[in-house]
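Chemist: Okay, so here is work03.cif, and as you'll see once you scroll down, it has mmCIF, C-alpha atoms, pLDDT in the B column; chains and numbers go by the auth columns.
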```
data_data
#
loop_
_atom_site.group_PDB
_atom_site.id
_atom_site.type_symbol
_atom_site.label_atom_id
_atom_site.label_comp_id
_atom_site.label_asym_id
_atom_site.label_seq_id
_atom_site.Cartn_x
_atom_site.Cartn_y
_atom_site.Cartn_z
_atom_site.B_iso_or_equiv
_atom_site.auth_seq_id
_atom_site.auth_asym_id
ATOM 1 C CA MET A 1 -28.951 47.589 24.500 52.00 1 A
ATOM 2 C CA ASP A 2 -26.084 49.510 22.900 63.00 2 A
ATOM 3 C CA GLY A 3 -24.103 50.037 26.104 66.00 3 A
ATOM 4 C CA MET A 4 -21.559 47.455 27.256 70.00 4 A
ATOM 5 C CA PHE A 5 -19.520 46.912 30.432 71.00 5 A
ATOM 6 C CA SER A 6 -15.981 48.241 30.125 81.00 6 A
ATOM 7 C CA ASP A 7 -14.300 44.815 30.198 86.00 7 A
ATOM 8 C CA GLY A 8 -16.488 43.587 27.347 86.00 8 A
ATOM 9 C CA THR A 9 -15.731 46.716 25.340 87.00 9 A
ATOM 10 C CA LEU A 10 -12.020 46.154 25.879 90.00 10 A
ATOM 11 C CA TYR A 11 -12.259 42.501 24.790 92.00 11 A
ATOM 12 C CA ALA A 12 -14.165 43.499 21.644 91.00 12 A
ATOM 13 C CA SER A 13 -11.533 46.141 20.900 91.00 13 A
ATOM 14 C CA VAL A 14 -8.642 43.677 21.241 93.00 14 A
ATOM 15 C CA SER A 15 -10.518 41.143 19.093 94.00 15 A
ATOM 16 C CA LYS A 16 -11.155 43.768 16.418 94.00 16 A
ATOM 17 C CA ASN A 17 -7.483 44.766 16.474 93.00 17 A
ATOM 18 C CA TYR A 18 -6.484 41.135 15.961 92.00 18 A
ATOM 19 C CA ALA A 19 -8.866 40.863 13.006 94.00 19 A
ATOM 20 C CA GLN A 20 -7.260 43.954 11.474 93.00 20 A
ATOM 21 C CA GLY A 21 -3.763 42.528 11.804 92.00 21 A
ATOM 22 C CA TYR A 22 -2.601 44.305 14.950 92.00 22 A
ATOM 23 C CA GLY A 23 -0.737 42.016 17.328 88.00 23 A
ATOM 24 C CA THR A 24 -0.414 38.243 17.216 91.00 24 A
ATOM 25 C CA PHE A 25 -2.126 35.321 18.931 93.00 25 A
ATOM 26 C CA TRP A 26 0.346 35.337 21.824 94.00 26 A
ATOM 27 C CA GLU A 27 0.804 39.122 21.785 93.00 27 A
ATOM 28 C CA PRO A 28 -2.686 40.662 21.537 92.00 28 A
ATOM 29 C CA TYR A 29 -2.759 44.387 20.831 90.00 29 A
ATOM 30 C CA SER A 30 -4.824 46.877 22.827 87.00 30 A
ATOM 31 C CA SER A 31 -3.951 50.412 21.693 84.00 31 A
ATOM 32 C CA ALA A 32 -1.085 52.671 20.680 80.00 32 A
ATOM 33 C CA THR A 33 -0.701 53.834 24.269 82.00 33 A
ATOM 34 C CA SER A 34 -0.747 50.423 25.971 77.00 34 A
ATOM 35 C CA ASN A 35 0.420 48.139 23.137 74.00 35 A
ATOM 36 C CA ALA A 36 0.333 44.477 24.259 83.00 36 A
ATOM 37 C CA PHE A 37 -2.676 43.161 26.164 87.00 37 A
ATOM 38 C CA HIS A 38 -1.815 40.364 28.596 87.00 38 A
ATOM 39 C CA GLU A 39 -4.582 40.726 31.170 89.00 39 A
ATOM 40 C CA GLN A 40 -6.345 37.637 29.759 91.00 40 A
ATOM 41 C CA PRO A 41 -5.299 34.595 27.690 94.00 41 A
ATOM 42 C CA PRO A 42 -5.699 35.036 23.934 94.00 42 A
ATOM 43 C CA LEU A 43 -8.211 32.453 22.672 96.00 43 A
ATOM 44 C CA LEU A 44 -11.315 34.671 22.959 96.00 44 A
ATOM 45 C CA PHE A 45 -9.652 37.413 20.928 95.00 45 A
ATOM 46 C CA PHE A 46 -8.773 34.937 18.182 96.00 46 A
ATOM 47 C CA LEU A 47 -12.305 33.501 18.009 96.00 47 A
ATOM 48 C CA GLN A 48 -14.108 36.825 18.205 96.00 48 A
ATOM 49 C CA GLY A 49 -11.571 38.249 15.770 95.00 49 A
ATOM 50 C CA LEU A 50 -12.701 35.655 13.208 95.00 50 A
ATOM 51 C CA PHE A 51 -16.235 37.023 13.508 95.00 51 A
ATOM 52 C CA PHE A 52 -14.951 40.558 12.915 95.00 52 A
ATOM 53 C CA LYS A 53 -13.115 39.363 9.808 94.00 53 A
ATOM 54 C CA ILE A 54 -16.234 37.644 8.468 94.00 54 A
ATOM 55 C CA LEU A 55 -18.998 40.035 9.560 93.00 55 A
ATOM 56 C CA GLY A 56 -17.183 43.358 9.520 90.00 56 A
ATOM 57 C CA TYR A 57 -16.187 45.938 12.111 88.00 57 A
ATOM 58 C CA CYS A 58 -19.530 47.101 13.432 84.00 58 A
ATOM 59 C CA MET A 59 -20.814 47.179 17.005 80.00 59 A
ATOM 60 C CA TYR A 60 -23.175 44.268 16.395 88.00 60 A
ATOM 61 C CA THR A 61 -20.485 41.750 15.474 91.00 61 A
ATOM 62 C CA GLU A 62 -19.757 40.815 19.083 90.00 62 A
ATOM 63 C CA ARG A 63 -23.531 40.592 19.715 91.00 63 A
ATOM 64 C CA ILE A 64 -23.826 38.023 16.929 94.00 64 A
ATOM 65 C CA TYR A 65 -20.820 36.185 18.365 95.00 65 A
ATOM 66 C CA LEU A 66 -22.445 36.132 21.812 95.00 66 A
ATOM 67 C CA LEU A 67 -25.772 34.905 20.393 95.00 67 A
ATOM 68 C CA PHE A 68 -23.860 32.109 18.668 96.00 68 A
ATOM 69 C CA ALA A 69 -22.086 31.267 21.949 97.00 69 A
ATOM 70 C CA ALA A 70 -25.405 31.294 23.849 96.00 70 A
ATOM 71 C CA ILE A 71 -26.978 28.843 21.407 96.00 71 A
ATOM 72 C CA ILE A 72 -23.989 26.487 21.725 97.00 72 A
ATOM 73 C CA ASN A 73 -24.105 26.775 25.534 97.00 73 A
ATOM 74 C CA ALA A 74 -27.795 25.861 25.558 96.00 74 A
ATOM 75 C CA ALA A 75 -27.242 22.909 23.223 95.00 75 A
ATOM 76 C CA LEU A 76 -24.390 21.592 25.376 96.00 76 A
ATOM 77 C CA ILE A 77 -26.456 21.931 28.555 95.00 77 A
ATOM 78 C CA ILE A 78 -29.196 19.852 26.921 93.00 78 A
ATOM 79 C CA ARG A 79 -26.583 17.306 25.860 93.00 79 A
ATOM 80 C CA CYS A 80 -25.240 17.023 29.430 93.00 80 A
ATOM 81 C CA TRP A 81 -28.783 16.566 30.686 92.00 81 A
ATOM 82 C CA LYS A 82 -29.456 13.879 28.087 91.00 82 A
ATOM 83 C CA ILE A 83 -26.377 11.902 29.143 91.00 83 A
ATOM 84 C CA ILE A 84 -27.310 12.118 32.826 88.00 84 A
ATOM 85 C CA ARG A 85 -31.019 11.431 32.393 85.00 85 A
ATOM 86 C CA GLN A 86 -30.733 9.184 29.308 76.00 86 A
ATOM 87 C CA SER A 87 -33.470 11.375 27.838 69.00 87 A
ATOM 88 C CA ALA A 88 -33.646 14.914 26.457 62.00 88 A
ATOM 89 C CA GLY A 89 -37.370 15.262 27.139 71.00 89 A
ATOM 90 C CA THR A 90 -36.905 17.838 29.892 77.00 90 A
ATOM 91 C CA GLY A 91 -33.734 19.401 28.516 81.00 91 A
ATOM 92 C CA TRP A 92 -35.479 22.767 28.391 87.00 92 A
ATOM 93 C CA LEU A 93 -35.589 22.879 32.204 89.00 93 A
ATOM 94 C CA PRO A 94 -31.832 23.247 32.949 92.00 94 A
ATOM 95 C CA VAL A 95 -31.576 25.692 30.044 93.00 95 A
ATOM 96 C CA LEU A 96 -34.374 27.743 31.604 93.00 96 A
ATOM 97 C CA PHE A 97 -32.616 27.711 34.999 93.00 97 A
ATOM 98 C CA TRP A 98 -29.349 28.744 33.326 94.00 98 A
ATOM 99 C CA PHE A 99 -30.890 31.487 31.224 90.00 99 A
ATOM 100 C CA THR A 100 -32.932 33.068 34.031 91.00 100 A
ATOM 101 C CA MET A 101 -29.937 33.545 36.316 93.00 101 A
ATOM 102 C CA PRO A 102 -29.050 37.284 36.260 92.00 102 A
ATOM 103 C CA VAL A 103 -25.328 36.540 35.953 92.00 103 A
ATOM 104 C CA THR A 104 -25.994 34.642 32.713 93.00 104 A
ATOM 105 C CA PHE A 105 -27.748 37.349 30.728 86.00 105 A
ATOM 106 C CA TYR A 106 -25.475 39.987 32.297 89.00 106 A
ATOM 107 C CA ALA A 107 -22.453 38.112 30.944 92.00 107 A
ATOM 108 C CA PHE A 108 -23.907 37.675 27.458 92.00 108 A
ATOM 109 C CA ILE A 109 -25.077 41.275 27.224 89.00 109 A
ATOM 110 C CA ASN A 110 -21.640 42.524 28.228 90.00 110 A
ATOM 111 C CA ASN A 111 -19.293 40.284 26.198 91.00 111 A
ATOM 112 C CA LEU A 112 -17.603 38.689 29.199 93.00 112 A
ATOM 113 C CA GLU A 113 -15.074 35.912 28.679 94.00 113 A
ATOM 114 C CA GLU A 114 -17.130 33.393 30.647 95.00 114 A
ATOM 115 C CA CYS A 115 -19.549 33.193 27.700 95.00 115 A
ATOM 116 C CA THR A 116 -16.840 31.541 25.602 97.00 116 A
ATOM 117 C CA MET A 117 -15.168 29.728 28.491 97.00 117 A
ATOM 118 C CA SER A 118 -18.418 27.970 29.384 97.00 118 A
ATOM 119 C CA VAL A 119 -18.644 26.470 25.880 98.00 119 A
ATOM 120 C CA PHE A 120 -15.381 24.621 26.486 98.00 120 A
ATOM 121 C CA VAL A 121 -16.255 23.795 30.106 98.00 121 A
ATOM 122 C CA LEU A 122 -19.560 22.221 29.034 98.00 122 A
ATOM 123 C CA ALA A 123 -17.856 20.317 26.209 98.00 123 A
ATOM 124 C CA ALA A 124 -15.340 18.982 28.745 98.00 124 A
ATOM 125 C CA MET A 125 -18.204 18.030 31.051 97.00 125 A
ATOM 126 C CA ILE A 126 -19.865 16.025 28.277 97.00 126 A
ATOM 127 C CA HIS A 127 -16.701 13.977 27.750 97.00 127 A
ATOM 128 C CA LEU A 128 -16.235 13.506 31.501 96.00 128 A
ATOM 129 C CA LEU A 129 -19.789 12.207 31.757 95.00 129 A
ATOM 130 C CA ARG A 130 -19.228 9.834 28.876 95.00 130 A
ATOM 131 C CA ALA A 131 -16.063 8.518 30.508 94.00 131 A
ATOM 132 C CA LEU A 132 -17.196 8.388 34.140 92.00 132 A
ATOM 133 C CA HIS A 133 -20.970 8.009 33.961 91.00 133 A
ATOM 134 C CA THR A 134 -21.659 5.931 30.845 86.00 134 A
ATOM 135 C CA LYS A 135 -18.182 4.324 30.607 87.00 135 A
ATOM 136 C CA GLN A 136 -17.824 4.930 26.862 85.00 136 A
ATOM 137 C CA HIS A 137 -14.224 4.708 25.583 92.00 137 A
ATOM 138 C CA GLU A 138 -13.000 6.054 28.891 92.00 138 A
ATOM 139 C CA THR A 139 -9.421 6.995 27.983 95.00 139 A
ATOM 140 C CA ILE A 140 -10.389 8.783 24.764 96.00 140 A
ATOM 141 C CA HIS A 141 -13.132 10.820 26.429 97.00 141 A
ATOM 142 C CA LEU A 142 -10.923 11.720 29.385 97.00 142 A
ATOM 143 C CA MET A 143 -8.243 13.058 27.044 97.00 143 A
ATOM 144 C CA LEU A 144 -10.856 14.951 25.018 98.00 144 A
ATOM 145 C CA ALA A 145 -12.133 16.430 28.291 97.00 145 A
ATOM 146 C CA GLY A 146 -8.584 17.542 29.088 97.00 146 A
ATOM 147 C CA THR A 147 -8.312 19.180 25.656 98.00 147 A
ATOM 148 C CA PHE A 148 -11.465 21.236 26.210 98.00 148 A
ATOM 149 C CA ILE A 149 -10.312 22.103 29.738 98.00 149 A
ATOM 150 C CA LEU A 150 -7.125 23.478 28.200 98.00 150 A
ATOM 151 C CA LEU A 151 -9.167 25.550 25.726 98.00 151 A
ATOM 152 C CA ALA A 152 -11.210 26.918 28.632 97.00 152 A
ATOM 153 C CA GLY A 153 -7.938 27.850 30.319 96.00 153 A
ATOM 154 C CA LEU A 154 -6.703 29.553 27.152 96.00 154 A
ATOM 155 C CA THR A 155 -9.899 31.612 27.232 96.00 155 A
ATOM 156 C CA LYS A 156 -10.109 32.666 30.871 94.00 156 A
ATOM 157 C CA GLY A 157 -7.039 31.338 32.630 92.00 157 A
ATOM 158 C CA VAL A 158 -6.860 28.984 35.579 92.00 158 A
ATOM 159 C CA GLN A 159 -10.517 29.728 36.459 91.00 159 A
ATOM 160 C CA GLY A 160 -11.578 27.752 33.405 93.00 160 A
ATOM 161 C CA MET A 161 -9.654 24.632 34.379 95.00 161 A
ATOM 162 C CA PHE A 162 -11.560 23.598 37.505 95.00 162 A
ATOM 163 C CA LEU A 163 -12.830 20.417 35.831 96.00 163 A
ATOM 164 C CA LEU A 164 -9.331 18.978 36.179 96.00 164 A
ATOM 165 C CA ALA A 165 -10.758 17.967 39.551 96.00 165 A
ATOM 166 C CA GLY A 166 -13.628 16.118 37.844 95.00 166 A
ATOM 167 C CA PRO A 167 -12.395 12.528 38.344 95.00 167 A
ATOM 168 C CA PHE A 168 -11.527 13.249 41.991 96.00 168 A
ATOM 169 C CA LEU A 169 -14.921 14.822 42.698 95.00 169 A
ATOM 170 C CA TRP A 170 -16.666 11.926 40.910 93.00 170 A
ATOM 171 C CA TRP A 171 -14.763 9.451 43.060 93.00 171 A
ATOM 172 C CA LEU A 172 -15.419 11.462 46.232 93.00 172 A
ATOM 173 C CA CYS A 173 -19.165 11.812 45.665 92.00 173 A
ATOM 174 C CA MET A 174 -20.140 8.656 43.775 88.00 174 A
ATOM 175 C CA ARG A 175 -17.617 6.084 45.091 83.00 175 A
ATOM 176 C CA LYS A 176 -18.093 3.928 41.993 82.00 176 A
ATOM 177 C CA ASN A 177 -14.384 3.171 41.551 84.00 177 A
ATOM 178 C CA ASN A 178 -11.312 2.842 43.722 89.00 178 A
ATOM 179 C CA PHE A 179 -8.685 5.471 44.496 92.00 179 A
ATOM 180 C CA ALA A 180 -6.109 4.029 42.082 93.00 180 A
ATOM 181 C CA ALA A 181 -8.601 4.180 39.213 92.00 181 A
ATOM 182 C CA MET A 182 -9.344 7.814 40.070 93.00 182 A
ATOM 183 C CA ILE A 183 -5.632 8.685 39.923 95.00 183 A
ATOM 184 C CA LYS A 184 -5.385 7.025 36.503 95.00 184 A
ATOM 185 C CA GLN A 185 -8.441 8.928 35.260 95.00 185 A
ATOM 186 C CA SER A 186 -7.023 12.198 36.584 96.00 186 A
ATOM 187 C CA PHE A 187 -3.779 11.547 34.717 96.00 187 A
ATOM 188 C CA PHE A 188 -5.566 11.108 31.381 97.00 188 A
ATOM 189 C CA VAL A 189 -7.557 14.312 31.963 97.00 189 A
ATOM 190 C CA ALA A 190 -4.420 16.271 32.849 97.00 190 A
ATOM 191 C CA ILE A 191 -2.040 14.930 30.196 97.00 191 A
ATOM 192 C CA ILE A 192 -3.031 17.350 27.392 97.00 192 A
ATOM 193 C CA PRO A 193 -2.861 20.460 29.638 97.00 193 A
ATOM 194 C CA LEU A 194 0.485 19.234 31.025 97.00 194 A
ATOM 195 C CA LEU A 195 1.873 18.745 27.521 97.00 195 A
ATOM 196 C CA PHE A 196 0.796 22.270 26.636 97.00 196 A
ATOM 197 C CA VAL A 197 2.388 23.700 29.790 95.00 197 A
ATOM 198 C CA THR A 198 5.636 21.945 28.825 96.00 198 A
ATOM 199 C CA TYR A 199 5.406 23.365 25.300 96.00 199 A
ATOM 200 C CA ALA A 200 4.633 26.849 26.639 95.00 200 A
ATOM 201 C CA TRP A 201 7.530 26.745 29.092 95.00 201 A
ATOM 202 C CA PHE A 202 10.104 25.985 26.401 96.00 202 A
ATOM 203 C CA THR A 203 8.651 28.225 23.648 95.00 203 A
ATOM 204 C CA PRO A 204 9.859 31.802 24.241 93.00 204 A
ATOM 205 C CA GLU A 205 6.965 33.561 22.490 91.00 205 A
ATOM 206 C CA VAL A 206 4.317 31.579 24.399 93.00 206 A
ATOM 207 C CA HIS A 207 6.235 31.780 27.687 93.00 207 A
ATOM 208 C CA ALA A 208 6.608 35.546 27.333 89.00 208 A
ATOM 209 C CA GLY A 209 2.916 35.920 26.511 87.00 209 A
ATOM 210 C CA PHE A 210 1.859 34.123 29.666 87.00 210 A
#
```
Translate the structure described by the file into structure tokens.

Modeler:
Amino acid sequence: MDGMFSDGTLYASVSKNYAQGYGTFWEPYSSATSNAFHEQPPLLFFLQGLFFKILGYCMYTERIYLLFAAIINAALIIRCWKIIRQSAGTGWLPVLFWFTMPVTFYAFINNLEECTMSVFVLAAMIHLLRALHTKQHETIHLMLAGTFILLAGLTKGVQGMFLLAGPFLWWLCMRKNNFAAMIKQSFFVAIIPLLFVTYAWFTPEVHAGF
């Protein structure tokens, strides 16, 4: 449909402004009357702004962006399922459950930030599963998980960073390692976000933006 929830319209507007050269990454621009837009972190506006630069400034650009995000979400859900089940044969089933939830198609119809945030959350989940479930290059995958958790946070804020608790919840529910190992795993997940927080604190432009 052509209509869109007001938040999604606002996000598309800020993204389009960024594509046209108004504002910066850390100082997104809303309008001449409100100037800077700091209600949300800036990563969505940068990514959607790239689509506006490539595809043009029409009302269907954000729809194409959201279709692209939906396809990536579905592929990542199947990948998570494959790691857990060691088979992708029934990967369509979790995608079906995800897609038929009203909140899912409401979000994708209305250009909500969760559509982009969930891409990074699912990518982080894949690396957590590889580290904690299949024990593949644990430290590398934990740090990659932390990187994607940071990107989720740069999209939606602290709501996107709940998987920082992943190693603790894995330890609490599965009890496949000891408490000390869980603390070590949590450190490797958190190190990239902590380094960014340190950078943001001491960089005036980034600090002011947040």

Chemist: Could you write out as lines of an AutoDock Vina configuration file the box around region 61-68 of chain A (axis-aligned, all atoms listed in the file, 8 Å on each side), with centre and edge lengths in Å to one decimal?

Modeler:
```
center_x = -22.8
center_y = 36.9
center_z = 18.6
size_x = 22.0
size_y = 25.6
size_z = 22.3
```

Chemist: So which residues get picked by the PyMOL selection byres ((chain A and resi 70) around 10) here, written as a ChimeraX atom specification?

Modeler: /A:64-69,71-76,99,104-105,108,115-116,118-119

Chemist: Sorted by chain and rising residue number, list the residues of region 114-173 of chain A at most 7 Å from region 39-44 of chain A (counting all atoms listed in the file), each with its closest atom pair and distance in Å to one decimal, as CSV.

Modeler:
```
residue,atom,partner,partner_atom,distance
A:Thr116,CA,A:Leu44,CA,6.9
A:Leu154,CA,A:Pro41,CA,5.3
A:Thr155,CA,A:Leu43,CA,4.9
A:Lys156,CA,A:Pro41,CA,6.1
A:Gly157,CA,A:Pro41,CA,6.2
```

Chemist: Could you take the residues named above and write them with C-alpha atoms, as a PDB file, in the coordinates of the input?

Modeler:
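Below is the file again09.pdb, written as the result:
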```pdb
ATOM      1  CA  THR A 116     -16.840  31.541  25.602  1.00 97.00           C
ATOM      2  CA  LEU A 154      -6.703  29.553  27.152  1.00 96.00           C
ATOM      3  CA  THR A 155      -9.899  31.612  27.232  1.00 96.00           C
ATOM      4  CA  LYS A 156     -10.109  32.666  30.871  1.00 94.00           C
ATOM      5  CA  GLY A 157      -7.039  31.338  32.630  1.00 92.00           C
TER       6      GLY A 157
END
```

Chemist: When you look at Leu163 (chain A) with a cut-off of 9 Å (counting all atoms listed in the file), what residues show up, excluding the ones that are within fewer than 6 positions of it in the same chain? I need them as an NGL selection string.

Modeler: :A and (121 or 124-125 or 128 or 145-146 or 149 or 189)

Chemist: Pull C-alpha atoms from the residues just selected and write them as a PDB file, in the frame of the given file.

Modeler:
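What landed in part24.pdb:
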```pdb
ATOM      1  CA  VAL A 121     -16.255  23.795  30.106  1.00 98.00           C
ATOM      2  CA  ALA A 124     -15.340  18.982  28.745  1.00 98.00           C
ATOM      3  CA  MET A 125     -18.204  18.030  31.051  1.00 97.00           C
ATOM      4  CA  LEU A 128     -16.235  13.506  31.501  1.00 96.00           C
ATOM      5  CA  ALA A 145     -12.133  16.430  28.291  1.00 97.00           C
ATOM      6  CA  GLY A 146      -8.584  17.542  29.088  1.00 97.00           C
ATOM      7  CA  ILE A 149     -10.312  22.103  29.738  1.00 98.00           C
ATOM      8  CA  VAL A 189      -7.557  14.312  31.963  1.00 97.00           C
TER       9      VAL A 189
END
```

Chemist: For the file shown, report as a ChimeraX atom specification the outcome of the PyMOL selection byres ((chain A and resi 170) around 12) at residue level.

Modeler: /A:125,128-129,131-133,163-169,171-179,181-183,185-186

Chemist: Give me, as CSV, each residue of region 19-99 of chain A that comes within 10 Å of region 199-206 of chain A, together with its shortest interatomic pair and the distance in Å at one decimal, counting all atoms listed in the file, with rows ordered by chain and rising residue number.

Modeler:
```
residue,atom,partner,partner_atom,distance
A:Phe25,CA,A:Val206,CA,9.2
A:Trp26,CA,A:Val206,CA,6.0
A:Glu27,CA,A:Glu205,CA,8.3
```

Chemist: Compare A:Ile77, A:Arg63, A:Tyr106, A:Phe162 by their minimum atom-to-atom distance to Trp92 (chain A), counting only C-alpha atoms, and give me the closest one.

Modeler: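 Nearest candidate to Trp92 (chain A) out of A:Ile77, A:Arg63, A:Tyr106, A:Phe162: A:Ile77.
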
Chemist: Go through A:Phe210, A:Phe148, A:Trp98, A:Trp81 and flag the residue nearest Met117 (chain A), using only C-alpha atoms for the distances.

Modeler: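 Among the listed residues, A:Phe148 lies closest to Met117 (chain A).
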
Chemist: I'd like to know which of A:Leu55, A:Leu194, A:Ser30, A:Glu62 is closest to Ile109 (chain A), using all atoms listed in the file.

Modeler: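 Of A:Leu55, A:Leu194, A:Ser30, A:Glu62, the one nearest Ile109 (chain A), counting all atoms listed in the file, is A:Glu62.
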
Chemist: Name the residues that the PyMOL selection byres ((chain A and resi 110) around 6) pulls out of this structure, and write them as a PyMOL selection string.

Modeler: chain A and resi 4-5+8+107-109+111-112

Chemist: List the spatial neighbours of Asn35 (chain A) as a short mmCIF file (atom, residue, chain, number, x, y, z; two decimals) with C-alpha atoms, keeping the file's coordinate frame - criterion: any atom at most 12 Å away, only C-alpha atoms, same-chain residues fewer than 6 positions off excluded.

Modeler:
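As written to disk, result30.cif reads:
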```
data_model
loop_
_atom_site.label_atom_id
_atom_site.label_comp_id
_atom_site.auth_asym_id
_atom_site.auth_seq_id
_atom_site.Cartn_x
_atom_site.Cartn_y
_atom_site.Cartn_z
CA VAL A 14 -8.64 43.68 21.24
CA ASN A 17 -7.48 44.77 16.47
CA TYR A 22 -2.60 44.30 14.95
CA GLY A 23 -0.74 42.02 17.33
CA THR A 24 -0.41 38.24 17.22
CA GLU A 27 0.80 39.12 21.78
CA PRO A 28 -2.69 40.66 21.54
CA TYR A 29 -2.76 44.39 20.83
#
```

Chemist: Could you work out how far CA of Phe196 (chain A) lies from CA of Leu144 (chain A), giving the answer in Å with one decimal?

Modeler: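 Interatomic distance here is 13.9 Å.
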
Chemist: Mind giving me the straight-line distance from CA of Gly49 (chain A) to CA of Lys16 (chain A) in Å, one decimal?

Modeler: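 Going from CA of Gly49 (chain A) over to CA of Lys16 (chain A) covers 5.6 Å.
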
Chemist: Give me, please, the distance in Å between CA of Phe51 (chain A) and CA of Ser13 (chain A), quoted to one decimal.

Modeler: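 For CA of Phe51 (chain A) relative to CA of Ser13 (chain A), the distance reads 12.6 Å.
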
Chemist: Could you tell me which of A:Leu150, A:Ala208, A:Ile83, A:Ala12 comes closest to Tyr60 (chain A) if we count only C-alpha atoms?

Modeler: A:Ala12

Chemist: For Tyr57 (chain A), which residue out of A:Thr100, A:Thr134, A:Thr198, A:Ser15 is the nearest one, using all atoms listed in the file?

Modeler: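 Answer, going by the shortest atom-to-atom distance: A:Ser15.
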